[in-house]
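Participant: The following file, work.pdb, comprises PDB, C-alpha atoms and all ligand atoms:
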```pdb
ATOM      1  CA  MET A   1     -83.598 -39.049  94.727
ATOM      2  CA  LEU A   2     -83.430 -35.309  95.216
ATOM      3  CA  ALA A   3     -85.617 -33.206  92.981
ATOM      4  CA  GLY A   4     -84.226 -29.983  91.458
ATOM      5  CA  CYS A   5     -81.165 -29.222  89.448
ATOM      6  CA  ASP A   6     -79.939 -32.194  87.419
ATOM      7  CA  MET A   7     -76.173 -31.706  87.091
ATOM      8  CA  SER A   8     -75.960 -34.240  84.265
ATOM      9  CA  GLN A   9     -77.908 -31.878  82.003
ATOM     10  CA  PRO A  10     -75.638 -29.325  80.290
ATOM     11  CA  ALA A  11     -76.678 -25.704  80.830
ATOM     12  CA  ARG A  12     -78.651 -24.262  77.942
ATOM     13  CA  PRO A  13     -76.374 -22.159  75.719
ATOM     14  CA  ILE A  14     -76.727 -18.412  75.497
ATOM     15  CA  ILE A  15     -78.131 -17.664  72.041
ATOM     16  CA  ILE A  16     -76.915 -14.722  69.987
ATOM     17  CA  LYS A  17     -79.159 -14.080  67.013
ATOM     18  CA  PHE A  18     -77.055 -12.178  64.478
ATOM     19  CA  SER A  19     -79.191 -10.805  61.695
ATOM     20  CA  HIS A  20     -77.899  -9.145  58.538
ATOM     21  CA  VAL A  21     -79.111  -8.173  55.087
ATOM     22  CA  VAL A  22     -76.349  -9.350  52.738
ATOM     23  CA  ALA A  23     -75.439 -12.733  51.271
ATOM     24  CA  PRO A  24     -73.260 -15.150  53.288
ATOM     25  CA  ASP A  25     -70.642 -14.892  50.554
ATOM     26  CA  THR A  26     -69.701 -11.242  51.200
ATOM     27  CA  PRO A  27     -67.171  -9.537  53.484
ATOM     28  CA  LYS A  28     -69.840  -9.068  56.179
ATOM     29  CA  GLY A  29     -71.350 -12.531  55.690
ATOM     30  CA  LYS A  30     -67.972 -14.231  55.960
ATOM     31  CA  ALA A  31     -66.884 -12.174  58.959
ATOM     32  CA  ALA A  32     -70.141 -12.993  60.768
ATOM     33  CA  ALA A  33     -69.553 -16.705  60.111
ATOM     34  CA  TYR A  34     -65.989 -16.388  61.393
ATOM     35  CA  PHE A  35     -67.197 -14.639  64.532
ATOM     36  CA  LYS A  36     -69.655 -17.494  65.114
ATOM     37  CA  THR A  37     -66.871 -20.097  64.864
ATOM     38  CA  LEU A  38     -64.568 -18.203  67.227
ATOM     39  CA  ALA A  39     -67.299 -17.251  69.689
ATOM     40  CA  GLU A  40     -68.583 -20.790  70.021
ATOM     41  CA  ALA A  41     -65.073 -22.247  70.362
ATOM     42  CA  ARG A  42     -63.850 -19.687  72.878
ATOM     43  CA  THR A  43     -66.899 -20.048  75.081
ATOM     44  CA  LYS A  44     -66.698 -23.844  74.789
ATOM     45  CA  GLY A  45     -70.218 -24.019  73.468
ATOM     46  CA  ARG A  46     -71.761 -21.887  76.228
ATOM     47  CA  VAL A  47     -72.674 -19.412  73.484
ATOM     48  CA  LYS A  48     -74.398 -20.327  70.244
ATOM     49  CA  VAL A  49     -74.439 -17.779  67.448
ATOM     50  CA  GLU A  50     -77.316 -18.098  64.985
ATOM     51  CA  ILE A  51     -76.734 -16.141  61.802
ATOM     52  CA  TYR A  52     -79.673 -14.986  59.707
ATOM     53  CA  PRO A  53     -78.339 -13.552  56.427
ATOM     54  CA  ASN A  54     -80.098 -11.987  53.420
ATOM     55  CA  SER A  55     -82.792 -10.136  55.432
ATOM     56  CA  GLN A  56     -84.246 -13.538  56.302
ATOM     57  CA  LEU A  57     -85.497 -12.188  59.634
ATOM     58  CA  TYR A  58     -85.618  -8.425  59.184
ATOM     59  CA  LYS A  59     -85.106  -5.742  56.562
ATOM     60  CA  ASP A  60     -82.932  -2.665  57.146
ATOM     61  CA  LYS A  61     -85.203  -0.567  59.322
ATOM     62  CA  GLU A  62     -86.879  -3.432  61.142
ATOM     63  CA  GLU A  63     -83.607  -4.974  62.238
ATOM     64  CA  MET A  64     -82.678  -1.827  64.168
ATOM     65  CA  GLU A  65     -86.012  -1.958  65.975
ATOM     66  CA  ALA A  66     -85.633  -5.682  66.606
ATOM     67  CA  LEU A  67     -82.218  -5.084  68.183
ATOM     68  CA  GLN A  68     -83.545  -2.410  70.495
ATOM     69  CA  LEU A  69     -86.429  -4.662  71.516
ATOM     70  CA  GLY A  70     -84.051  -7.573  72.106
ATOM     71  CA  ALA A  71     -85.653  -9.792  69.440
ATOM     72  CA  VAL A  72     -82.135 -10.159  68.008
ATOM     73  CA  GLN A  73     -78.893  -9.551  69.876
ATOM     74  CA  MET A  74     -76.391  -8.585  67.167
ATOM     75  CA  LEU A  75     -76.391  -6.741  63.835
ATOM     76  CA  ALA A  76     -73.849  -5.146  61.535
ATOM     77  CA  PRO A  77     -75.791  -2.445  59.668
ATOM     78  CA  SER A  78     -74.071  -0.204  57.208
ATOM     79  CA  LEU A  79     -72.979   3.133  58.672
ATOM     80  CA  ALA A  80     -75.515   4.777  56.341
ATOM     81  CA  LYS A  81     -78.412   3.301  58.306
ATOM     82  CA  PHE A  82     -78.057   4.859  61.762
ATOM     83  CA  GLY A  83     -79.951   8.088  60.998
ATOM     84  CA  PRO A  84     -83.410   6.620  61.670
ATOM     85  CA  LEU A  85     -82.099   5.535  65.077
ATOM     86  CA  GLY A  86     -81.316   9.164  65.839
ATOM     87  CA  VAL A  87     -77.532   8.937  65.528
ATOM     88  CA  LYS A  88     -77.101  10.840  62.298
ATOM     89  CA  GLU A  89     -73.389  11.529  62.854
ATOM     90  CA  PHE A  90     -72.572   8.124  61.366
ATOM     91  CA  GLU A  91     -73.614   9.543  58.006
ATOM     92  CA  VAL A  92     -70.268  11.343  57.963
ATOM     93  CA  PHE A  93     -68.907   8.094  56.506
ATOM     94  CA  ASP A  94     -71.187   8.614  53.486
ATOM     95  CA  LEU A  95     -69.705  11.957  52.473
ATOM     96  CA  PRO A  96     -68.235  11.630  48.994
ATOM     97  CA  TYR A  97     -64.429  11.455  48.954
ATOM     98  CA  ILE A  98     -64.159  11.915  52.744
ATOM     99  CA  PHE A  99     -61.582   9.106  52.972
ATOM    100  CA  PRO A 100     -58.625   9.609  50.647
ATOM    101  CA  SER A 101     -57.276   6.161  51.573
ATOM    102  CA  LYS A 102     -58.005   3.059  53.620
ATOM    103  CA  GLU A 103     -55.292   4.109  56.094
ATOM    104  CA  VAL A 104     -57.175   7.302  56.873
ATOM    105  CA  LEU A 105     -60.402   5.374  57.237
ATOM    106  CA  ARG A 106     -58.714   2.917  59.597
ATOM    107  CA  SER A 107     -57.195   5.598  61.769
ATOM    108  CA  VAL A 108     -60.663   7.159  62.091
ATOM    109  CA  THR A 109     -62.466   3.923  62.937
ATOM    110  CA  GLU A 110     -59.765   2.650  65.277
ATOM    111  CA  GLY A 111     -59.057   5.965  66.961
ATOM    112  CA  PRO A 112     -60.962   8.299  69.276
ATOM    113  CA  VAL A 113     -63.255   9.566  66.504
ATOM    114  CA  GLY A 114     -64.601   6.091  65.771
ATOM    115  CA  LEU A 115     -64.868   5.243  69.445
ATOM    116  CA  GLY A 116     -66.699   8.498  70.166
ATOM    117  CA  LEU A 117     -69.280   7.648  67.525
ATOM    118  CA  LEU A 118     -69.887   4.180  68.928
ATOM    119  CA  LYS A 119     -70.423   5.729  72.383
ATOM    120  CA  LYS A 120     -73.334   7.741  70.972
ATOM    121  CA  LEU A 121     -75.257   4.493  70.573
ATOM    122  CA  GLU A 122     -75.395   3.698  74.289
ATOM    123  CA  PRO A 123     -78.314   5.992  75.170
ATOM    124  CA  LYS A 124     -80.234   4.100  72.475
ATOM    125  CA  GLY A 125     -79.704   0.817  74.323
ATOM    126  CA  ILE A 126     -77.005  -0.307  71.908
ATOM    127  CA  ILE A 127     -73.296  -1.042  72.280
ATOM    128  CA  GLY A 128     -70.987  -0.616  69.309
ATOM    129  CA  LEU A 129     -68.339  -3.348  69.262
ATOM    130  CA  ALA A 130     -66.392  -2.829  66.045
ATOM    131  CA  TYR A 131     -66.186  -1.403  62.570
ATOM    132  CA  TRP A 132     -66.076  -3.797  59.629
ATOM    133  CA  ASP A 133     -65.105  -2.823  56.105
ATOM    134  CA  ASN A 134     -66.914  -3.433  52.926
ATOM    135  CA  GLY A 135     -65.352  -1.037  50.455
ATOM    136  CA  PHE A 136     -65.621   1.868  48.090
ATOM    137  CA  LYS A 137     -68.766   2.154  45.985
ATOM    138  CA  ILE A 138     -69.347   2.126  42.272
ATOM    139  CA  MET A 139     -72.342   3.613  40.444
ATOM    140  CA  SER A 140     -74.506   1.432  38.226
ATOM    141  CA  ALA A 141     -77.585   2.004  36.065
ATOM    142  CA  ASN A 142     -79.433   0.951  32.952
ATOM    143  CA  ARG A 143     -77.583   3.714  31.095
ATOM    144  CA  PRO A 144     -73.976   4.990  31.129
ATOM    145  CA  LEU A 145     -73.090   7.268  34.067
ATOM    146  CA  ARG A 146     -69.757   8.646  32.968
ATOM    147  CA  THR A 147     -70.086  12.333  33.697
ATOM    148  CA  PRO A 148     -72.076  14.143  36.378
ATOM    149  CA  ASP A 149     -74.450  15.302  33.596
ATOM    150  CA  ASP A 150     -75.406  11.709  32.890
ATOM    151  CA  PHE A 151     -77.187  11.547  36.268
ATOM    152  CA  LYS A 152     -79.822  14.173  35.403
ATOM    153  CA  GLY A 153     -83.255  12.718  36.140
ATOM    154  CA  VAL A 154     -81.923   9.199  36.763
ATOM    155  CA  LYS A 155     -83.755   7.400  39.587
ATOM    156  CA  MET A 156     -81.150   6.055  42.007
ATOM    157  CA  ARG A 157     -81.753   3.724  44.933
ATOM    158  CA  ILE A 158     -80.042   4.835  48.131
ATOM    159  CA  GLN A 159     -79.753   3.660  51.725
ATOM    160  CA  SER A 160     -81.630   5.753  54.288
ATOM    161  CA  SER A 161     -78.824   8.326  54.727
ATOM    162  CA  LYS A 162     -79.600  12.016  54.149
ATOM    163  CA  VAL A 163     -76.000  12.485  53.044
ATOM    164  CA  LEU A 164     -76.567   9.994  50.255
ATOM    165  CA  ASP A 165     -79.775  11.794  49.347
ATOM    166  CA  SER A 166     -77.813  15.025  49.082
ATOM    167  CA  GLN A 167     -75.049  13.302  47.114
ATOM    168  CA  MET A 168     -77.504  12.041  44.472
ATOM    169  CA  ARG A 169     -79.251  15.413  44.264
ATOM    170  CA  ALA A 170     -75.893  17.150  43.765
ATOM    171  CA  LEU A 171     -75.582  15.058  40.606
ATOM    172  CA  GLY A 172     -79.134  15.883  39.490
ATOM    173  CA  ALA A 173     -80.346  12.326  40.143
ATOM    174  CA  LEU A 174     -83.608  11.420  41.902
ATOM    175  CA  PRO A 175     -82.763   9.425  45.039
ATOM    176  CA  GLN A 176     -85.162   6.884  46.472
ATOM    177  CA  VAL A 177     -84.671   4.987  49.744
ATOM    178  CA  ILE A 178     -85.272   1.269  49.249
ATOM    179  CA  ALA A 179     -84.451  -1.604  51.623
ATOM    180  CA  PHE A 180     -81.470  -3.629  50.472
ATOM    181  CA  SER A 181     -83.557  -6.793  50.089
ATOM    182  CA  ASP A 182     -85.811  -5.060  47.564
ATOM    183  CA  VAL A 183     -83.100  -3.507  45.380
ATOM    184  CA  TYR A 184     -82.765  -6.292  42.826
ATOM    185  CA  GLN A 185     -86.517  -6.273  42.093
ATOM    186  CA  ALA A 186     -86.618  -2.482  42.026
ATOM    187  CA  LEU A 187     -83.840  -2.452  39.431
ATOM    188  CA  ARG A 188     -85.336  -5.294  37.432
ATOM    189  CA  THR A 189     -88.784  -3.767  37.201
ATOM    190  CA  GLY A 190     -87.568  -0.209  36.614
ATOM    191  CA  VAL A 191     -88.828   1.253  39.897
ATOM    192  CA  VAL A 192     -85.335   2.774  39.929
ATOM    193  CA  ASP A 193     -82.745   2.990  37.145
ATOM    194  CA  GLY A 194     -79.590   2.533  39.151
ATOM    195  CA  THR A 195     -77.818   2.386  42.484
ATOM    196  CA  GLU A 196     -74.433   2.489  44.211
ATOM    197  CA  ASN A 197     -72.704  -0.311  46.103
ATOM    198  CA  PRO A 198     -69.342  -1.975  46.485
ATOM    199  CA  PRO A 199     -68.886  -4.744  43.888
ATOM    200  CA  SER A 200     -69.341  -7.549  46.468
ATOM    201  CA  ASN A 201     -72.920  -6.460  47.177
ATOM    202  CA  MET A 202     -73.702  -5.807  43.529
ATOM    203  CA  TYR A 203     -72.494  -9.260  42.515
ATOM    204  CA  THR A 204     -73.996 -11.351  45.315
ATOM    205  CA  GLN A 205     -77.413  -9.731  44.807
ATOM    206  CA  LYS A 206     -77.103 -10.339  41.040
ATOM    207  CA  MET A 207     -77.574  -6.648  40.355
ATOM    208  CA  HIS A 208     -75.166  -6.937  37.421
ATOM    209  CA  GLU A 209     -77.836  -9.005  35.668
ATOM    210  CA  VAL A 210     -80.201  -6.041  35.711
ATOM    211  CA  GLN A 211     -77.707  -3.176  35.309
ATOM    212  CA  THR A 212     -76.172  -2.599  31.894
ATOM    213  CA  PHE A 213     -73.568  -0.010  32.877
ATOM    214  CA  ALA A 214     -71.367   0.735  35.871
ATOM    215  CA  THR A 215     -68.679   3.313  36.545
ATOM    216  CA  LEU A 216     -65.749   2.466  38.816
ATOM    217  CA  SER A 217     -66.043   5.780  40.597
ATOM    218  CA  ASN A 218     -65.046   4.796  44.168
ATOM    219  CA  HIS A 219     -66.706   8.063  45.173
ATOM    220  CA  GLY A 220     -67.724   6.955  48.659
ATOM    221  CA  TYR A 221     -67.261   4.325  51.322
ATOM    222  CA  LEU A 222     -69.532   1.604  52.693
ATOM    223  CA  GLY A 223     -68.704  -0.062  55.983
ATOM    224  CA  TYR A 224     -70.448  -1.413  59.052
ATOM    225  CA  ALA A 225     -70.704  -1.063  62.790
ATOM    226  CA  VAL A 226     -71.184  -4.326  64.648
ATOM    227  CA  ILE A 227     -73.706  -3.602  67.366
ATOM    228  CA  VAL A 228     -75.330  -5.502  70.240
ATOM    229  CA  ASN A 229     -78.277  -4.992  72.518
ATOM    230  CA  LYS A 230     -76.814  -3.280  75.593
ATOM    231  CA  LYS A 231     -78.999  -5.009  78.171
ATOM    232  CA  PHE A 232     -78.062  -8.395  76.747
ATOM    233  CA  TRP A 233     -74.341  -7.559  76.595
ATOM    234  CA  ASP A 234     -74.188  -6.057  80.076
ATOM    235  CA  GLY A 235     -76.034  -9.085  81.456
ATOM    236  CA  LEU A 236     -73.531 -11.642  80.161
ATOM    237  CA  PRO A 237     -71.239 -13.414  82.649
ATOM    238  CA  PRO A 238     -67.943 -11.467  82.573
ATOM    239  CA  ASP A 239     -65.851 -14.422  81.361
ATOM    240  CA  ILE A 240     -68.250 -14.962  78.456
ATOM    241  CA  ARG A 241     -68.177 -11.287  77.540
ATOM    242  CA  THR A 242     -64.364 -11.303  77.546
ATOM    243  CA  ALA A 243     -64.301 -14.368  75.296
ATOM    244  CA  LEU A 244     -66.770 -12.730  72.909
ATOM    245  CA  GLU A 245     -64.753  -9.510  72.863
ATOM    246  CA  SER A 246     -61.661 -11.421  71.843
ATOM    247  CA  ALA A 247     -63.637 -13.318  69.167
ATOM    248  CA  MET A 248     -64.926  -9.986  67.876
ATOM    249  CA  ALA A 249     -61.446  -8.445  67.784
ATOM    250  CA  GLU A 250     -60.225 -11.333  65.682
ATOM    251  CA  ALA A 251     -63.290 -11.403  63.424
ATOM    252  CA  THR A 252     -62.759  -7.679  62.848
ATOM    253  CA  LYS A 253     -59.172  -8.221  61.701
ATOM    254  CA  PHE A 254     -60.452 -10.955  59.410
ATOM    255  CA  ALA A 255     -63.276  -8.784  58.011
ATOM    256  CA  ASN A 256     -60.930  -5.940  57.238
ATOM    257  CA  ALA A 257     -58.323  -8.242  55.732
ATOM    258  CA  ILE A 258     -60.689  -9.966  53.282
ATOM    259  CA  ALA A 259     -62.914  -7.062  52.199
ATOM    260  CA  GLN A 260     -60.724  -5.700  49.412
ATOM    261  CA  THR A 261     -60.075  -9.116  47.878
ATOM    262  CA  GLU A 262     -63.769 -10.004  48.079
ATOM    263  CA  ASN A 263     -64.601  -6.838  46.172
ATOM    264  CA  ASP A 264     -61.843  -7.355  43.609
ATOM    265  CA  GLU A 265     -63.039 -10.888  42.955
ATOM    266  CA  ALA A 266     -66.676  -9.834  42.692
ATOM    267  CA  LEU A 267     -65.749  -7.163  40.160
ATOM    268  CA  ALA A 268     -63.704  -9.637  38.125
ATOM    269  CA  ALA A 269     -66.610 -12.108  38.134
ATOM    270  CA  MET A 270     -69.051  -9.447  36.949
ATOM    271  CA  GLN A 271     -66.636  -8.322  34.255
ATOM    272  CA  ALA A 272     -66.271 -11.919  33.104
ATOM    273  CA  SER A 273     -70.054 -12.339  32.969
ATOM    274  CA  GLY A 274     -70.210  -9.632  30.288
ATOM    275  CA  LYS A 275     -73.636  -8.530  31.545
ATOM    276  CA  THR A 276     -72.574  -5.086  32.742
ATOM    277  CA  GLU A 277     -70.151  -2.772  30.971
ATOM    278  CA  PHE A 278     -67.688  -1.314  33.514
ATOM    279  CA  TYR A 279     -66.181   2.100  32.910
ATOM    280  CA  PRO A 280     -62.887   2.752  34.758
ATOM    281  CA  LEU A 281     -63.273   6.489  35.349
ATOM    282  CA  PRO A 282     -59.944   8.114  34.322
ATOM    283  CA  PRO A 283     -58.455  10.582  36.855
ATOM    284  CA  ALA A 284     -59.174  13.646  34.680
ATOM    285  CA  GLU A 285     -62.874  12.690  34.487
ATOM    286  CA  ALA A 286     -62.975  11.806  38.192
ATOM    287  CA  GLU A 287     -62.079  15.461  38.824
ATOM    288  CA  ALA A 288     -65.469  16.537  37.405
ATOM    289  CA  TRP A 289     -67.178  14.129  39.806
ATOM    290  CA  ARG A 290     -65.266  15.558  42.763
ATOM    291  CA  LYS A 291     -66.202  19.075  41.756
ATOM    292  CA  ALA A 292     -69.871  18.141  41.549
ATOM    293  CA  LEU A 293     -69.863  16.185  44.814
ATOM    294  CA  LEU A 294     -67.626  18.084  47.222
ATOM    295  CA  PRO A 295     -70.296  20.760  47.946
ATOM    296  CA  VAL A 296     -72.193  17.975  49.749
ATOM    297  CA  HIS A 297     -69.698  18.335  52.643
ATOM    298  CA  GLY A 298     -70.803  21.920  53.252
ATOM    299  CA  GLU A 299     -74.486  21.121  52.785
ATOM    300  CA  MET A 300     -74.376  18.287  55.282
ATOM    301  CA  GLU A 301     -72.123  19.903  57.857
ATOM    302  CA  GLN A 302     -75.132  20.804  60.017
ATOM    303  CA  ARG A 303     -76.411  17.253  59.927
ATOM    304  CA  VAL A 304     -73.259  15.306  60.682
ATOM    305  CA  GLY A 305     -71.340  18.001  62.578
ATOM    306  CA  LYS A 306     -68.666  20.346  61.317
ATOM    307  CA  ASP A 307     -66.259  19.248  64.068
ATOM    308  CA  LEU A 308     -66.585  15.641  63.027
ATOM    309  CA  ILE A 309     -65.791  16.463  59.398
ATOM    310  CA  GLN A 310     -62.810  18.502  60.568
ATOM    311  CA  SER A 311     -61.549  15.714  62.796
ATOM    312  CA  ILE A 312     -61.532  13.386  59.780
ATOM    313  CA  SER A 313     -59.632  16.020  57.774
ATOM    314  CA  ARG A 314     -57.068  16.148  60.585
ATOM    315  CA  GLU A 315     -56.632  12.365  60.394
ATOM    316  CA  ALA A 316     -56.195  12.664  56.621
ATOM    317  CA  ALA A 317     -53.573  15.403  57.130
ATOM    318  CA  LYS A 318     -51.527  13.013  59.281
ATOM    319  CA  PHE A 319     -51.181  10.850  56.179
ATOM    320  CA  GLY A 320     -50.218  13.809  53.992
ATOM    321  CA  PHE A 321     -53.643  14.480  52.466
ATOM    322  CA  SER A 322     -54.969  18.037  52.459
ATOM    323  CA  ASP A 323     -58.477  19.259  51.480
TER     324      ASP A 323
HETATM  325  C1  LIG A 401     -77.098  -1.430  51.247
HETATM  326  O1  LIG A 401     -78.230  -1.330  51.749
HETATM  327  O2  LIG A 401     -76.835  -1.114  50.091
HETATM  328  C2  LIG A 401     -75.969  -1.979  52.111
HETATM  329  O3  LIG A 401     -75.996  -1.320  53.314
HETATM  330  C3  LIG A 401     -76.129  -3.438  52.359
HETATM  331  C4  LIG A 401     -75.063  -3.926  53.283
HETATM  332  O4  LIG A 401     -75.375  -4.214  54.421
HETATM  333  O5  LIG A 401     -73.923  -4.032  52.826
END
```
In structure tokens, how does this file's structure come out?
Ligand code: LMR

Facilitator:
Amino acid sequence: MLAGCDMSQPARPIIIKFSHVVAPDTPKGKAAAYFKTLAEARTKGRVKVEIYPNSQLYKDKEEMEALQLGAVQMLAPSLAKFGPLGVKEFEVFDLPYIFPSKEVLRSVTEGPVGLGLLKKLEPKGIIGLAYWDNGFKIMSANRPLRTPDDFKGVKMRIQSSKVLDSQMRALGALPQVIAFSDVYQALRTGVVDGTENPPSNMYTQKMHEVQTFATLSNHGYLGYAVIVNKKFWDGLPPDIRTALESAMAEATKFANAIAQTENDEALAAMQASGKTEFYPLPPAEAEAWRKALLPVHGEMEQRVGKDLIQSISREAAKFGFSD
């Protein structure tokens, strides 16, 4: 009997650890699960995707480091979390009212602007594969936040983005960066008074149980970039990489198709719970919010790049929106 390779033993699968911070029952959680199903089927089991939701493995900042070190292979952080990595241009997505519609957003993420941003990750040892939607954000707190004046002195949890810091300061609020996994406790114990998130995140983290008021402001966008460790990705057998690319393309379509419904359903469930009072900001009152928040574009132009802001305005103009 010859020693050595035993052909009866199947080759060990390639493991992709995909870590994220939200619940499985969210647009990102469901899209990650869908990617796993497709990836494993299309590689005929040669790839196994292990999903670690709810910050089980890493919190916001740590997961970026873990990806660069190769401790995990795939993440889908919110676009507001790339600043600490040194790619602050992604914070352009956080500018209040930068996207007048989902169509404009899509033409940015699927066009040269979005691609150009993903390319900026490569010197950091990261490849950007896709953009996944969550949705537009609402403001919540333990007090009503109906007018910009209501924000004076209110402690608001934010993601690590400097644009979001500037946004909260423009309203007179006191922003505080807190990891997503700690937000519920921070709200419950009064470390902060309020926060902003799309309804799907608010609901699945039970924030509505510790927030008495919310305003349906839709003042800003929250979405994700799906990213992989470059060394890992480049080292994959080409046929495997092609199969994973096609799984990702399909998972991306799925993510972007379900996100709005997921958010609508989460909002309806929170409304039905009666725990939070939701205020549907009328257009005339939304105008006061815009007036208070639009100066953030000018303030942050140095940080995210004037050209980038202008290129998004040009996309918006193609759809008939002007500044
Ligand atoms: C947050 O920290 O509020 C979000 O980025 C969480 C997420 O990944 O949706």

Participant: Residues up to 6 Å from ligand LIG 401 (chain A), counting all atoms listed in the file: could you list those as a PDB file with C-alpha atoms, keeping the file's coordinate frame?

Facilitator:
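Final output, result.pdb:
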```
ATOM      1  CA  VAL A  21     -79.111  -8.173  55.087  1.00  0.00           C
ATOM      2  CA  VAL A  22     -76.349  -9.350  52.738  1.00  0.00           C
ATOM      3  CA  PRO A  77     -75.791  -2.445  59.668  1.00  0.00           C
ATOM      4  CA  SER A  78     -74.071  -0.204  57.208  1.00  0.00           C
ATOM      5  CA  GLN A 159     -79.753   3.660  51.725  1.00  0.00           C
ATOM      6  CA  PHE A 180     -81.470  -3.629  50.472  1.00  0.00           C
ATOM      7  CA  ASN A 197     -72.704  -0.311  46.103  1.00  0.00           C
TER       8      ASN A 197
END
```

Participant: Which of these residues is nearest to Glu91 (chain A), using only C-alpha atoms: A:Tyr58, A:Tyr224, A:Phe254, A:Tyr279?

Facilitator: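 Checking each candidate against Glu91 (chain A), we get A:Tyr224 as the closest.
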
Participant: When distances are computed from all atoms listed in the file, which of A:Val113, A:Ala251, A:Leu75, A:Leu281 shows the smallest separation from Met139 (chain A)?

Facilitator: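 Closest to Met139 (chain A), using all atoms listed in the file: A:Leu281.
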
Participant: Please indicate the distance in Å from CA of Phe136 (chain A) to CA of Lys306 (chain A), rounded to one decimal place.

Facilitator: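 Straight-line distance from CA of Phe136 (chain A) to CA of Lys306 (chain A) works out to 22.9 Å.
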
Participant: Might you pull out every residue within 10 Å of region 92-108 of chain A, with only C-alpha atoms counted and same-chain residues fewer than 4 positions away left off, and present them as an MDAnalysis selection string?

Facilitator: chainID A and resid 78:80 88 112:115 131:133 135:137 161:164 166:167 218:224 256 289:290 293:297 300:301 303:306 308:309 311:323
